[in-house]
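Shown below: upload13.txt, with compact mmCIF, N, CA and C atoms.
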# COMPACT_ATOMS: atom_id res chain seq x y z
N GLN Z 1 89.09 125.05 84.41
CA GLN Z 1 90.20 125.18 83.48
C GLN Z 1 91.42 125.72 84.24
N VAL Z 2 92.52 125.00 84.12
CA VAL Z 2 93.75 125.43 84.76
C VAL Z 2 94.39 126.54 83.94
N GLN Z 3 94.86 127.56 84.62
CA GLN Z 3 95.58 128.64 83.96
C GLN Z 3 96.96 128.80 84.59
N LEU Z 4 97.94 129.02 83.73
CA LEU Z 4 99.32 129.24 84.15
C LEU Z 4 99.73 130.64 83.70
N VAL Z 5 100.24 131.42 84.63
CA VAL Z 5 100.67 132.78 84.30
C VAL Z 5 102.10 132.96 84.76
N GLU Z 6 103.02 133.05 83.80
CA GLU Z 6 104.43 133.25 84.09
C GLU Z 6 104.76 134.74 84.09
N SER Z 7 105.68 135.12 84.96
CA SER Z 7 106.11 136.52 85.03
C SER Z 7 107.51 136.59 85.60
N GLY Z 8 108.09 137.79 85.52
CA GLY Z 8 109.39 138.02 86.13
C GLY Z 8 110.56 138.09 85.17
N GLY Z 9 110.30 137.86 83.91
CA GLY Z 9 111.37 137.93 82.94
C GLY Z 9 111.85 139.34 82.69
N GLY Z 10 112.89 139.46 81.89
CA GLY Z 10 113.42 140.77 81.56
C GLY Z 10 114.78 140.67 80.92
N LEU Z 11 115.43 141.82 80.82
CA LEU Z 11 116.77 141.91 80.26
C LEU Z 11 117.78 141.96 81.40
N VAL Z 12 118.76 141.11 81.35
CA VAL Z 12 119.76 141.05 82.40
C VAL Z 12 121.13 140.82 81.78
N GLN Z 13 122.15 141.33 82.41
CA GLN Z 13 123.51 141.13 81.92
C GLN Z 13 124.01 139.74 82.28
N PRO Z 14 124.96 139.21 81.52
CA PRO Z 14 125.56 137.92 81.90
C PRO Z 14 126.08 137.98 83.33
N GLY Z 15 125.82 136.91 84.06
CA GLY Z 15 126.19 136.86 85.47
C GLY Z 15 125.12 137.36 86.41
N GLY Z 16 124.07 137.95 85.86
CA GLY Z 16 123.00 138.49 86.69
C GLY Z 16 122.00 137.43 87.11
N SER Z 17 120.97 137.89 87.80
CA SER Z 17 119.96 137.00 88.35
C SER Z 17 118.55 137.49 88.03
N LEU Z 18 117.64 136.55 87.96
CA LEU Z 18 116.21 136.84 87.83
C LEU Z 18 115.45 135.77 88.60
N ARG Z 19 114.27 136.13 89.07
CA ARG Z 19 113.38 135.15 89.66
C ARG Z 19 112.08 135.16 88.88
N LEU Z 20 111.76 134.04 88.29
CA LEU Z 20 110.50 133.89 87.56
C LEU Z 20 109.43 133.29 88.47
N SER Z 21 108.21 133.68 88.20
CA SER Z 21 107.07 133.15 88.94
C SER Z 21 106.09 132.48 88.00
N CYS Z 22 105.43 131.47 88.49
CA CYS Z 22 104.37 130.78 87.74
C CYS Z 22 103.17 130.68 88.68
N ALA Z 23 102.20 131.53 88.45
CA ALA Z 23 100.98 131.50 89.26
C ALA Z 23 99.99 130.54 88.63
N VAL Z 24 99.48 129.64 89.43
CA VAL Z 24 98.58 128.60 88.94
C VAL Z 24 97.18 128.83 89.51
N SER Z 25 96.19 128.77 88.66
CA SER Z 25 94.80 128.81 89.11
C SER Z 25 94.08 127.59 88.56
N GLY Z 26 93.16 127.07 89.35
CA GLY Z 26 92.39 125.91 88.93
C GLY Z 26 92.99 124.58 89.31
N ALA Z 27 94.14 124.58 89.95
CA ALA Z 27 94.80 123.36 90.42
C ALA Z 27 95.75 123.75 91.54
N SER Z 28 96.19 122.75 92.29
CA SER Z 28 97.05 123.02 93.43
C SER Z 28 98.49 122.63 93.12
N VAL Z 29 99.43 123.55 93.33
CA VAL Z 29 100.84 123.24 93.07
C VAL Z 29 101.37 122.28 94.12
N SER Z 30 100.75 122.23 95.28
CA SER Z 30 101.25 121.36 96.35
C SER Z 30 101.00 119.89 96.05
N SER Z 31 100.06 119.59 95.21
CA SER Z 31 99.73 118.20 94.92
C SER Z 31 100.12 117.78 93.51
N ASN Z 32 100.85 118.63 92.83
CA ASN Z 32 101.30 118.33 91.47
C ASN Z 32 102.79 118.58 91.34
N ALA Z 33 103.47 117.69 90.66
CA ALA Z 33 104.83 118.01 90.25
C ALA Z 33 104.75 119.13 89.22
N MET Z 34 105.72 120.05 89.27
CA MET Z 34 105.72 121.18 88.35
C MET Z 34 107.09 121.30 87.71
N GLY Z 35 107.08 121.68 86.44
CA GLY Z 35 108.34 121.84 85.74
C GLY Z 35 108.46 123.21 85.11
N TRP Z 36 109.70 123.57 84.82
CA TRP Z 36 109.99 124.77 84.05
C TRP Z 36 110.57 124.36 82.70
N TYR Z 37 110.20 125.11 81.69
CA TYR Z 37 110.62 124.83 80.33
C TYR Z 37 111.06 126.13 79.69
N ARG Z 38 111.80 126.03 78.63
CA ARG Z 38 112.17 127.24 77.89
C ARG Z 38 112.24 126.92 76.40
N GLN Z 39 111.98 127.95 75.62
CA GLN Z 39 112.05 127.83 74.17
C GLN Z 39 112.87 128.99 73.64
N ALA Z 40 114.00 128.67 73.10
CA ALA Z 40 114.86 129.69 72.52
C ALA Z 40 114.38 130.03 71.12
N SER Z 41 114.70 131.23 70.69
CA SER Z 41 114.30 131.67 69.37
C SER Z 41 114.86 130.74 68.31
N GLY Z 42 114.00 130.31 67.38
CA GLY Z 42 114.43 129.42 66.32
C GLY Z 42 114.32 127.95 66.64
N LYS Z 43 114.07 127.63 67.91
CA LYS Z 43 113.90 126.23 68.29
C LYS Z 43 112.43 125.84 68.13
N GLU Z 44 112.21 124.61 67.72
CA GLU Z 44 110.85 124.17 67.41
C GLU Z 44 110.03 123.82 68.64
N SER Z 45 110.69 123.41 69.70
CA SER Z 45 109.92 122.97 70.86
C SER Z 45 110.57 123.46 72.14
N GLU Z 46 109.82 123.30 73.23
CA GLU Z 46 110.31 123.71 74.53
C GLU Z 46 111.32 122.69 75.06
N GLU Z 47 112.27 123.20 75.81
CA GLU Z 47 113.25 122.37 76.49
C GLU Z 47 112.91 122.30 77.97
N TRP Z 48 112.78 121.11 78.48
CA TRP Z 48 112.59 120.96 79.92
C TRP Z 48 113.88 121.28 80.63
N ILE Z 49 113.81 122.08 81.71
CA ILE Z 49 115.03 122.45 82.42
C ILE Z 49 115.03 121.99 83.86
N GLY Z 50 113.88 121.68 84.42
CA GLY Z 50 113.87 121.18 85.78
C GLY Z 50 112.46 121.04 86.31
N SER Z 51 112.36 120.30 87.42
CA SER Z 51 111.05 120.05 88.02
C SER Z 51 111.16 120.00 89.53
N ILE Z 52 110.01 120.21 90.16
CA ILE Z 52 109.88 120.01 91.60
C ILE Z 52 108.73 119.04 91.81
N THR Z 53 108.94 118.02 92.62
CA THR Z 53 107.89 117.04 92.86
C THR Z 53 106.94 117.55 93.94
N SER Z 54 105.84 116.84 94.12
CA SER Z 54 104.90 117.22 95.17
C SER Z 54 105.55 117.10 96.54
N ALA Z 55 106.58 116.26 96.65
CA ALA Z 55 107.30 116.12 97.91
C ALA Z 55 108.37 117.18 98.11
N GLY Z 56 108.58 117.99 97.08
CA GLY Z 56 109.57 119.07 97.19
C GLY Z 56 110.95 118.74 96.68
N ASN Z 57 111.11 117.58 96.10
CA ASN Z 57 112.40 117.21 95.52
C ASN Z 57 112.56 117.88 94.16
N THR Z 58 113.78 118.25 93.84
CA THR Z 58 114.03 118.94 92.58
C THR Z 58 115.06 118.20 91.74
N VAL Z 59 114.95 118.41 90.45
CA VAL Z 59 115.89 117.83 89.50
C VAL Z 59 116.05 118.82 88.37
N TYR Z 60 117.28 118.88 87.79
CA TYR Z 60 117.60 119.87 86.78
C TYR Z 60 118.44 119.25 85.67
N ILE Z 61 118.41 119.89 84.51
CA ILE Z 61 119.35 119.49 83.48
C ILE Z 61 120.73 120.01 83.87
N ASP Z 62 121.75 119.37 83.31
CA ASP Z 62 123.11 119.68 83.73
C ASP Z 62 123.49 121.14 83.48
N SER Z 63 123.00 121.71 82.40
CA SER Z 63 123.44 123.06 82.03
C SER Z 63 122.96 124.13 83.01
N VAL Z 64 121.96 123.84 83.83
CA VAL Z 64 121.47 124.83 84.79
C VAL Z 64 121.72 124.41 86.23
N LYS Z 65 122.19 123.20 86.42
CA LYS Z 65 122.42 122.69 87.78
C LYS Z 65 123.43 123.57 88.50
N GLY Z 66 123.08 123.95 89.71
CA GLY Z 66 123.94 124.83 90.48
C GLY Z 66 123.72 126.31 90.22
N ARG Z 67 122.96 126.64 89.18
CA ARG Z 67 122.66 128.04 88.87
C ARG Z 67 121.18 128.35 89.05
N PHE Z 68 120.33 127.38 88.76
CA PHE Z 68 118.87 127.58 88.83
C PHE Z 68 118.31 126.80 90.01
N THR Z 69 117.28 127.37 90.64
CA THR Z 69 116.63 126.71 91.77
C THR Z 69 115.12 126.84 91.63
N ILE Z 70 114.43 125.71 91.70
CA ILE Z 70 112.97 125.71 91.65
C ILE Z 70 112.43 125.58 93.07
N SER Z 71 111.43 126.38 93.37
CA SER Z 71 110.77 126.30 94.67
C SER Z 71 109.28 126.60 94.47
N ARG Z 72 108.54 126.47 95.52
CA ARG Z 72 107.12 126.80 95.41
C ARG Z 72 106.61 127.35 96.74
N ASP Z 73 105.53 128.12 96.62
CA ASP Z 73 104.83 128.67 97.78
C ASP Z 73 103.41 128.14 97.71
N ASN Z 74 103.10 127.17 98.54
CA ASN Z 74 101.78 126.54 98.46
C ASN Z 74 100.66 127.52 98.79
N ALA Z 75 100.92 128.43 99.71
CA ALA Z 75 99.89 129.40 100.10
C ALA Z 75 99.54 130.33 98.94
N LYS Z 76 100.54 130.65 98.13
CA LYS Z 76 100.31 131.52 96.97
C LYS Z 76 100.01 130.72 95.71
N ASN Z 77 100.08 129.40 95.83
CA ASN Z 77 99.87 128.52 94.68
C ASN Z 77 100.76 128.94 93.50
N THR Z 78 102.01 129.16 93.80
CA THR Z 78 102.96 129.70 92.83
C THR Z 78 104.26 128.90 92.88
N VAL Z 79 104.83 128.69 91.71
CA VAL Z 79 106.12 128.03 91.58
C VAL Z 79 107.12 129.06 91.09
N TYR Z 80 108.35 128.98 91.58
CA TYR Z 80 109.38 129.95 91.25
C TYR Z 80 110.56 129.29 90.57
N LEU Z 81 111.26 130.08 89.77
CA LEU Z 81 112.53 129.66 89.20
C LEU Z 81 113.53 130.77 89.47
N GLN Z 82 114.41 130.53 90.42
CA GLN Z 82 115.48 131.47 90.71
C GLN Z 82 116.64 131.16 89.78
N MET Z 83 117.06 132.15 89.01
CA MET Z 83 118.12 131.95 88.03
C MET Z 83 119.29 132.86 88.39
N ASP Z 84 120.41 132.28 88.69
CA ASP Z 84 121.61 133.01 89.03
C ASP Z 84 122.70 132.74 88.01
N ASN Z 85 123.69 133.62 87.98
CA ASN Z 85 124.82 133.47 87.07
C ASN Z 85 124.33 133.18 85.65
N LEU Z 86 123.42 134.02 85.19
CA LEU Z 86 122.82 133.80 83.88
C LEU Z 86 123.84 133.93 82.75
N ARG Z 87 123.62 133.14 81.72
CA ARG Z 87 124.48 133.12 80.55
C ARG Z 87 123.69 133.51 79.32
N ARG Z 88 124.38 133.93 78.29
CA ARG Z 88 123.68 134.33 77.06
C ARG Z 88 122.81 133.20 76.52
N GLU Z 89 123.28 131.98 76.68
CA GLU Z 89 122.53 130.84 76.15
C GLU Z 89 121.27 130.53 76.95
N ASP Z 90 121.05 131.23 78.05
CA ASP Z 90 119.80 131.08 78.81
C ASP Z 90 118.68 131.93 78.22
N THR Z 91 119.01 132.75 77.23
CA THR Z 91 117.99 133.59 76.59
C THR Z 91 116.92 132.72 75.95
N ALA Z 92 115.68 132.95 76.35
CA ALA Z 92 114.56 132.14 75.87
C ALA Z 92 113.27 132.67 76.47
N VAL Z 93 112.16 132.15 76.00
CA VAL Z 93 110.88 132.34 76.66
C VAL Z 93 110.71 131.17 77.63
N TYR Z 94 110.38 131.48 78.87
CA TYR Z 94 110.28 130.47 79.92
C TYR Z 94 108.81 130.21 80.26
N TYR Z 95 108.52 128.93 80.42
CA TYR Z 95 107.16 128.48 80.72
C TYR Z 95 107.19 127.50 81.89
N CYS Z 96 106.03 127.35 82.52
CA CYS Z 96 105.87 126.29 83.50
C CYS Z 96 104.75 125.37 83.05
N ASN Z 97 104.77 124.16 83.56
CA ASN Z 97 103.72 123.18 83.30
C ASN Z 97 104.04 121.96 84.15
N THR Z 98 103.19 120.98 84.14
CA THR Z 98 103.52 119.74 84.82
C THR Z 98 104.53 118.97 83.97
N PRO Z 99 105.20 118.00 84.55
CA PRO Z 99 106.15 117.20 83.76
C PRO Z 99 105.48 116.42 82.63
N PHE Z 100 104.18 116.25 82.72
CA PHE Z 100 103.44 115.54 81.67
C PHE Z 100 102.71 116.51 80.74
N LEU Z 101 103.02 117.79 80.88
CA LEU Z 101 102.41 118.84 80.03
C LEU Z 101 100.89 118.72 80.06
N THR Z 102 100.39 118.60 81.29
CA THR Z 102 98.97 118.33 81.50
C THR Z 102 98.08 119.49 81.12
N TRP Z 103 98.59 120.69 81.36
CA TRP Z 103 97.73 121.88 81.29
C TRP Z 103 98.05 122.74 80.08
N PRO Z 104 97.13 123.62 79.69
CA PRO Z 104 97.42 124.53 78.58
C PRO Z 104 98.60 125.43 78.92
N TRP Z 105 99.44 125.69 77.93
CA TRP Z 105 100.58 126.56 78.16
C TRP Z 105 100.14 127.98 78.49
N GLY Z 106 100.88 128.63 79.34
CA GLY Z 106 100.69 130.05 79.57
C GLY Z 106 101.35 130.85 78.46
N GLN Z 107 101.43 132.16 78.68
CA GLN Z 107 102.02 133.03 77.66
C GLN Z 107 103.54 133.05 77.73
N GLY Z 108 104.09 132.54 78.82
CA GLY Z 108 105.53 132.55 78.99
C GLY Z 108 106.05 133.91 79.40
N THR Z 109 107.31 133.95 79.76
CA THR Z 109 107.96 135.21 80.11
C THR Z 109 109.34 135.23 79.46
N GLN Z 110 109.66 136.32 78.80
CA GLN Z 110 110.90 136.42 78.03
C GLN Z 110 112.07 136.76 78.95
N VAL Z 111 113.13 135.99 78.82
CA VAL Z 111 114.38 136.26 79.51
C VAL Z 111 115.44 136.51 78.45
N THR Z 112 116.08 137.66 78.53
CA THR Z 112 117.13 138.01 77.59
C THR Z 112 118.40 138.31 78.38
N VAL Z 113 119.44 137.55 78.09
CA VAL Z 113 120.72 137.75 78.76
C VAL Z 113 121.69 138.36 77.75
N SER Z 114 122.01 139.60 77.98
CA SER Z 114 122.84 140.32 77.03
C SER Z 114 123.52 141.48 77.70
N SER Z 115 124.71 141.81 77.21
CA SER Z 115 125.41 142.98 77.73
C SER Z 115 125.17 144.18 76.83
Take the structure in the file and write it out as structure tokens.
Amino acid sequence: QVQLVESGGGLVQPGGSLRLSCAVSGASVSSNAMGWYRQASGKESEEWIGSITSAGNTVYIDSVKGRFTISRDNAKNTVYLQMDNLRREDTAVYYCNTPFLTWPWGQGTQVTVSS
């Protein structure tokens, strides 16, 4: 059974930075494309925000392009989301999964951007 454990969230002021981690057990991040998603309060479903392919290529939605960076550490079997220049509208619970939502969702990690 694959398990996803997200961490690194917290409260940050607008313009600040956070790095989220997604530790994967039961599967290899090096051989799977991985994505980051977020669900804002009151929204019914998760929003895909970006992915990294098994080849290391990345793609993002326009609203985070240039501010967010996805990377991975194959040795740690972990995927990261570096978030810079955070905005209030980035407030959400953040999750990782494959682009096909192959695995059970983790618990997510809360990111709150507020002054």
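Counting from atom CA of Ser41 of chain Z, the distance to atom CA of Tyr95 of chain Z is 13.8 Å.
Considering all atoms listed in the file, the residue among Z:Ser63, Z:Ser71, Z:Thr53, Z:Ala33 positioned nearest to Pro99 of chain Z is Z:Ala33.
Considering the residues Z:Leu4, Z:Ile61, Z:Ile52, Z:Ala92 and counting only N, CA and C atoms, Gly35 of chain Z has its shortest atom-to-atom contact with Z:Ile52.
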Original post:
Nearest to Asn85 of chain Z among Z:Met34, Z:Ile70, Z:Val29, Z:Val64, with distances taken over only C-alpha atoms: which residue is it?
Top reply: Z:Val64
Original post:
Can you list, as a PyMOL selection string, every residue of chain Z that DSSP puts in strand (DSSP E or B)?
Top reply: chain Z and resi 3-7+10-12+18-25+34-39+47-52+58-60+68-73+78-83+92-97+109-113
Subject >> Neighbour list for Leu11 of chain Z as a PyMOL selection string, cut-off 8 Å, only N, CA and C atoms, skip fewer than 4 positions in-chain >> reply: chain Z and resi 110-114
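Nearest to Thr78 of chain Z of all the residues Z:Ser21, Z:Gln13, Z:Asn32, Z:Gln3 is Z:Ser21, based on all atoms listed in the file.
Ranking Z:Leu86, Z:Val93, Z:Ala75, Z:Val5 by their shortest atom-to-atom distance to Val24 of chain Z, with only N, CA and C atoms included, puts Z:Val5 first.
Restricting the calculation to only C-alpha atoms, the smallest distance between Glu89 of chain Z and any of Z:Pro104, Z:Gly9, Z:Gly15, Z:Gly26 is found for Z:Gly15.
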Complete the atoms of segment 99-110 of chain Z to all heavy atoms and put them out as a PDB file, in the frame of the given file.
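result-v3.pdb written:
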ATOM      1  N   PRO Z  99     105.200 118.000  84.550  1.00  0.00           N
ATOM      2  CA  PRO Z  99     106.150 117.200  83.760  1.00  0.00           C
ATOM      3  C   PRO Z  99     105.480 116.420  82.630  1.00  0.00           C
ATOM      4  O   PRO Z  99     106.142 115.974  81.698  1.00  0.00           O
ATOM      5  CB  PRO Z  99     106.749 116.249  84.793  1.00  0.00           C
ATOM      6  CG  PRO Z  99     106.642 116.997  86.076  1.00  0.00           C
ATOM      7  CD  PRO Z  99     105.344 117.740  85.982  1.00  0.00           C
ATOM      8  N   PHE Z 100     104.180 116.250  82.720  1.00  0.00           N
ATOM      9  CA  PHE Z 100     103.440 115.540  81.670  1.00  0.00           C
ATOM     10  C   PHE Z 100     102.710 116.510  80.740  1.00  0.00           C
ATOM     11  O   PHE Z 100     101.923 116.085  79.916  1.00  0.00           O
ATOM     12  CB  PHE Z 100     102.433 114.575  82.313  1.00  0.00           C
ATOM     13  CG  PHE Z 100     103.080 113.590  83.235  1.00  0.00           C
ATOM     14  CD1 PHE Z 100     102.991 113.758  84.615  1.00  0.00           C
ATOM     15  CD2 PHE Z 100     103.786 112.507  82.744  1.00  0.00           C
ATOM     16  CE1 PHE Z 100     103.602 112.859  85.480  1.00  0.00           C
ATOM     17  CE2 PHE Z 100     104.393 111.604  83.591  1.00  0.00           C
ATOM     18  CZ  PHE Z 100     104.302 111.785  84.962  1.00  0.00           C
ATOM     19  N   LEU Z 101     103.020 117.790  80.880  1.00  0.00           N
ATOM     20  CA  LEU Z 101     102.410 118.840  80.030  1.00  0.00           C
ATOM     21  C   LEU Z 101     100.890 118.720  80.060  1.00  0.00           C
ATOM     22  O   LEU Z 101     100.217 118.756  79.040  1.00  0.00           O
ATOM     23  CB  LEU Z 101     102.941 118.737  78.607  1.00  0.00           C
ATOM     24  CG  LEU Z 101     104.461 118.727  78.456  1.00  0.00           C
ATOM     25  CD1 LEU Z 101     104.853 118.714  76.991  1.00  0.00           C
ATOM     26  CD2 LEU Z 101     105.088 119.905  79.171  1.00  0.00           C
ATOM     27  N   THR Z 102     100.390 118.600  81.290  1.00  0.00           N
ATOM     28  CA  THR Z 102      98.970 118.330  81.500  1.00  0.00           C
ATOM     29  C   THR Z 102      98.080 119.490  81.120  1.00  0.00           C
ATOM     30  O   THR Z 102      96.966 119.309  80.654  1.00  0.00           O
ATOM     31  CB  THR Z 102      98.734 117.966  82.974  1.00  0.00           C
ATOM     32  OG1 THR Z 102      99.640 116.953  83.374  1.00  0.00           O
ATOM     33  CG2 THR Z 102      97.304 117.524  83.199  1.00  0.00           C
ATOM     34  N   TRP Z 103      98.590 120.690  81.360  1.00  0.00           N
ATOM     35  CA  TRP Z 103      97.730 121.880  81.290  1.00  0.00           C
ATOM     36  C   TRP Z 103      98.050 122.740  80.080  1.00  0.00           C
ATOM     37  O   TRP Z 103      99.145 122.653  79.517  1.00  0.00           O
ATOM     38  CB  TRP Z 103      97.907 122.688  82.581  1.00  0.00           C
ATOM     39  CG  TRP Z 103      97.528 121.909  83.799  1.00  0.00           C
ATOM     40  CD1 TRP Z 103      96.526 120.979  83.900  1.00  0.00           C
ATOM     41  CD2 TRP Z 103      98.133 121.986  85.094  1.00  0.00           C
ATOM     42  NE1 TRP Z 103      96.478 120.483  85.179  1.00  0.00           N
ATOM     43  CE2 TRP Z 103      97.446 121.076  85.928  1.00  0.00           C
ATOM     44  CE3 TRP Z 103      99.175 122.730  85.642  1.00  0.00           C
ATOM     45  CZ2 TRP Z 103      97.763 120.901  87.273  1.00  0.00           C
ATOM     46  CZ3 TRP Z 103      99.499 122.555  86.967  1.00  0.00           C
ATOM     47  CH2 TRP Z 103      98.796 121.647  87.774  1.00  0.00           C
ATOM     48  N   PRO Z 104      97.130 123.620  79.690  1.00  0.00           N
ATOM     49  CA  PRO Z 104      97.420 124.530  78.580  1.00  0.00           C
ATOM     50  C   PRO Z 104      98.600 125.430  78.920  1.00  0.00           C
ATOM     51  O   PRO Z 104      98.736 125.890  80.050  1.00  0.00           O
ATOM     52  CB  PRO Z 104      96.123 125.350  78.451  1.00  0.00           C
ATOM     53  CG  PRO Z 104      95.070 124.528  79.096  1.00  0.00           C
ATOM     54  CD  PRO Z 104      95.750 123.788  80.205  1.00  0.00           C
ATOM     55  N   TRP Z 105      99.440 125.690  77.930  1.00  0.00           N
ATOM     56  CA  TRP Z 105     100.580 126.560  78.160  1.00  0.00           C
ATOM     57  C   TRP Z 105     100.140 127.980  78.490  1.00  0.00           C
ATOM     58  O   TRP Z 105      99.153 128.466  77.941  1.00  0.00           O
ATOM     59  CB  TRP Z 105     101.472 126.598  76.924  1.00  0.00           C
ATOM     60  CG  TRP Z 105     102.166 125.318  76.614  1.00  0.00           C
ATOM     61  CD1 TRP Z 105     101.835 124.405  75.659  1.00  0.00           C
ATOM     62  CD2 TRP Z 105     103.338 124.795  77.260  1.00  0.00           C
ATOM     63  NE1 TRP Z 105     102.712 123.357  75.670  1.00  0.00           N
ATOM     64  CE2 TRP Z 105     103.650 123.568  76.646  1.00  0.00           C
ATOM     65  CE3 TRP Z 105     104.162 125.248  78.309  1.00  0.00           C
ATOM     66  CZ2 TRP Z 105     104.746 122.789  77.027  1.00  0.00           C
ATOM     67  CZ3 TRP Z 105     105.247 124.473  78.689  1.00  0.00           C
ATOM     68  CH2 TRP Z 105     105.526 123.262  78.060  1.00  0.00           C
ATOM     69  N   GLY Z 106     100.880 128.630  79.340  1.00  0.00           N
ATOM     70  CA  GLY Z 106     100.690 130.050  79.570  1.00  0.00           C
ATOM     71  C   GLY Z 106     101.350 130.850  78.460  1.00  0.00           C
ATOM     72  O   GLY Z 106     101.834 130.299  77.462  1.00  0.00           O
ATOM     73  N   GLN Z 107     101.430 132.160  78.680  1.00  0.00           N
ATOM     74  CA  GLN Z 107     102.020 133.030  77.660  1.00  0.00           C
ATOM     75  C   GLN Z 107     103.540 133.050  77.730  1.00  0.00           C
ATOM     76  O   GLN Z 107     104.215 133.499  76.805  1.00  0.00           O
ATOM     77  CB  GLN Z 107     101.473 134.459  77.799  1.00  0.00           C
ATOM     78  CG  GLN Z 107     102.185 135.330  78.828  1.00  0.00           C
ATOM     79  CD  GLN Z 107     101.873 134.936  80.265  1.00  0.00           C
ATOM     80  OE1 GLN Z 107     100.982 134.132  80.536  1.00  0.00           O
ATOM     81  NE2 GLN Z 107     102.612 135.524  81.200  1.00  0.00           N
ATOM     82  N   GLY Z 108     104.090 132.540  78.820  1.00  0.00           N
ATOM     83  CA  GLY Z 108     105.530 132.550  78.990  1.00  0.00           C
ATOM     84  C   GLY Z 108     106.050 133.910  79.400  1.00  0.00           C
ATOM     85  O   GLY Z 108     105.323 134.914  79.388  1.00  0.00           O
ATOM     86  N   THR Z 109     107.310 133.950  79.760  1.00  0.00           N
ATOM     87  CA  THR Z 109     107.960 135.210  80.110  1.00  0.00           C
ATOM     88  C   THR Z 109     109.340 135.230  79.460  1.00  0.00           C
ATOM     89  O   THR Z 109     110.092 134.245  79.550  1.00  0.00           O
ATOM     90  CB  THR Z 109     108.029 135.404  81.637  1.00  0.00           C
ATOM     91  OG1 THR Z 109     108.536 136.706  81.936  1.00  0.00           O
ATOM     92  CG2 THR Z 109     108.868 134.351  82.336  1.00  0.00           C
ATOM     93  N   GLN Z 110     109.660 136.320  78.800  1.00  0.00           N
ATOM     94  CA  GLN Z 110     110.900 136.420  78.030  1.00  0.00           C
ATOM     95  C   GLN Z 110     112.070 136.760  78.950  1.00  0.00           C
ATOM     96  O   GLN Z 110     112.001 137.714  79.743  1.00  0.00           O
ATOM     97  CB  GLN Z 110     110.787 137.511  76.965  1.00  0.00           C
ATOM     98  CG  GLN Z 110     112.061 137.791  76.193  1.00  0.00           C
ATOM     99  CD  GLN Z 110     112.442 136.667  75.234  1.00  0.00           C
ATOM    100  OE1 GLN Z 110     111.588 136.197  74.470  1.00  0.00           O
ATOM    101  NE2 GLN Z 110     113.692 136.247  75.270  1.00  0.00           N
TER     102      GLN Z 110
END
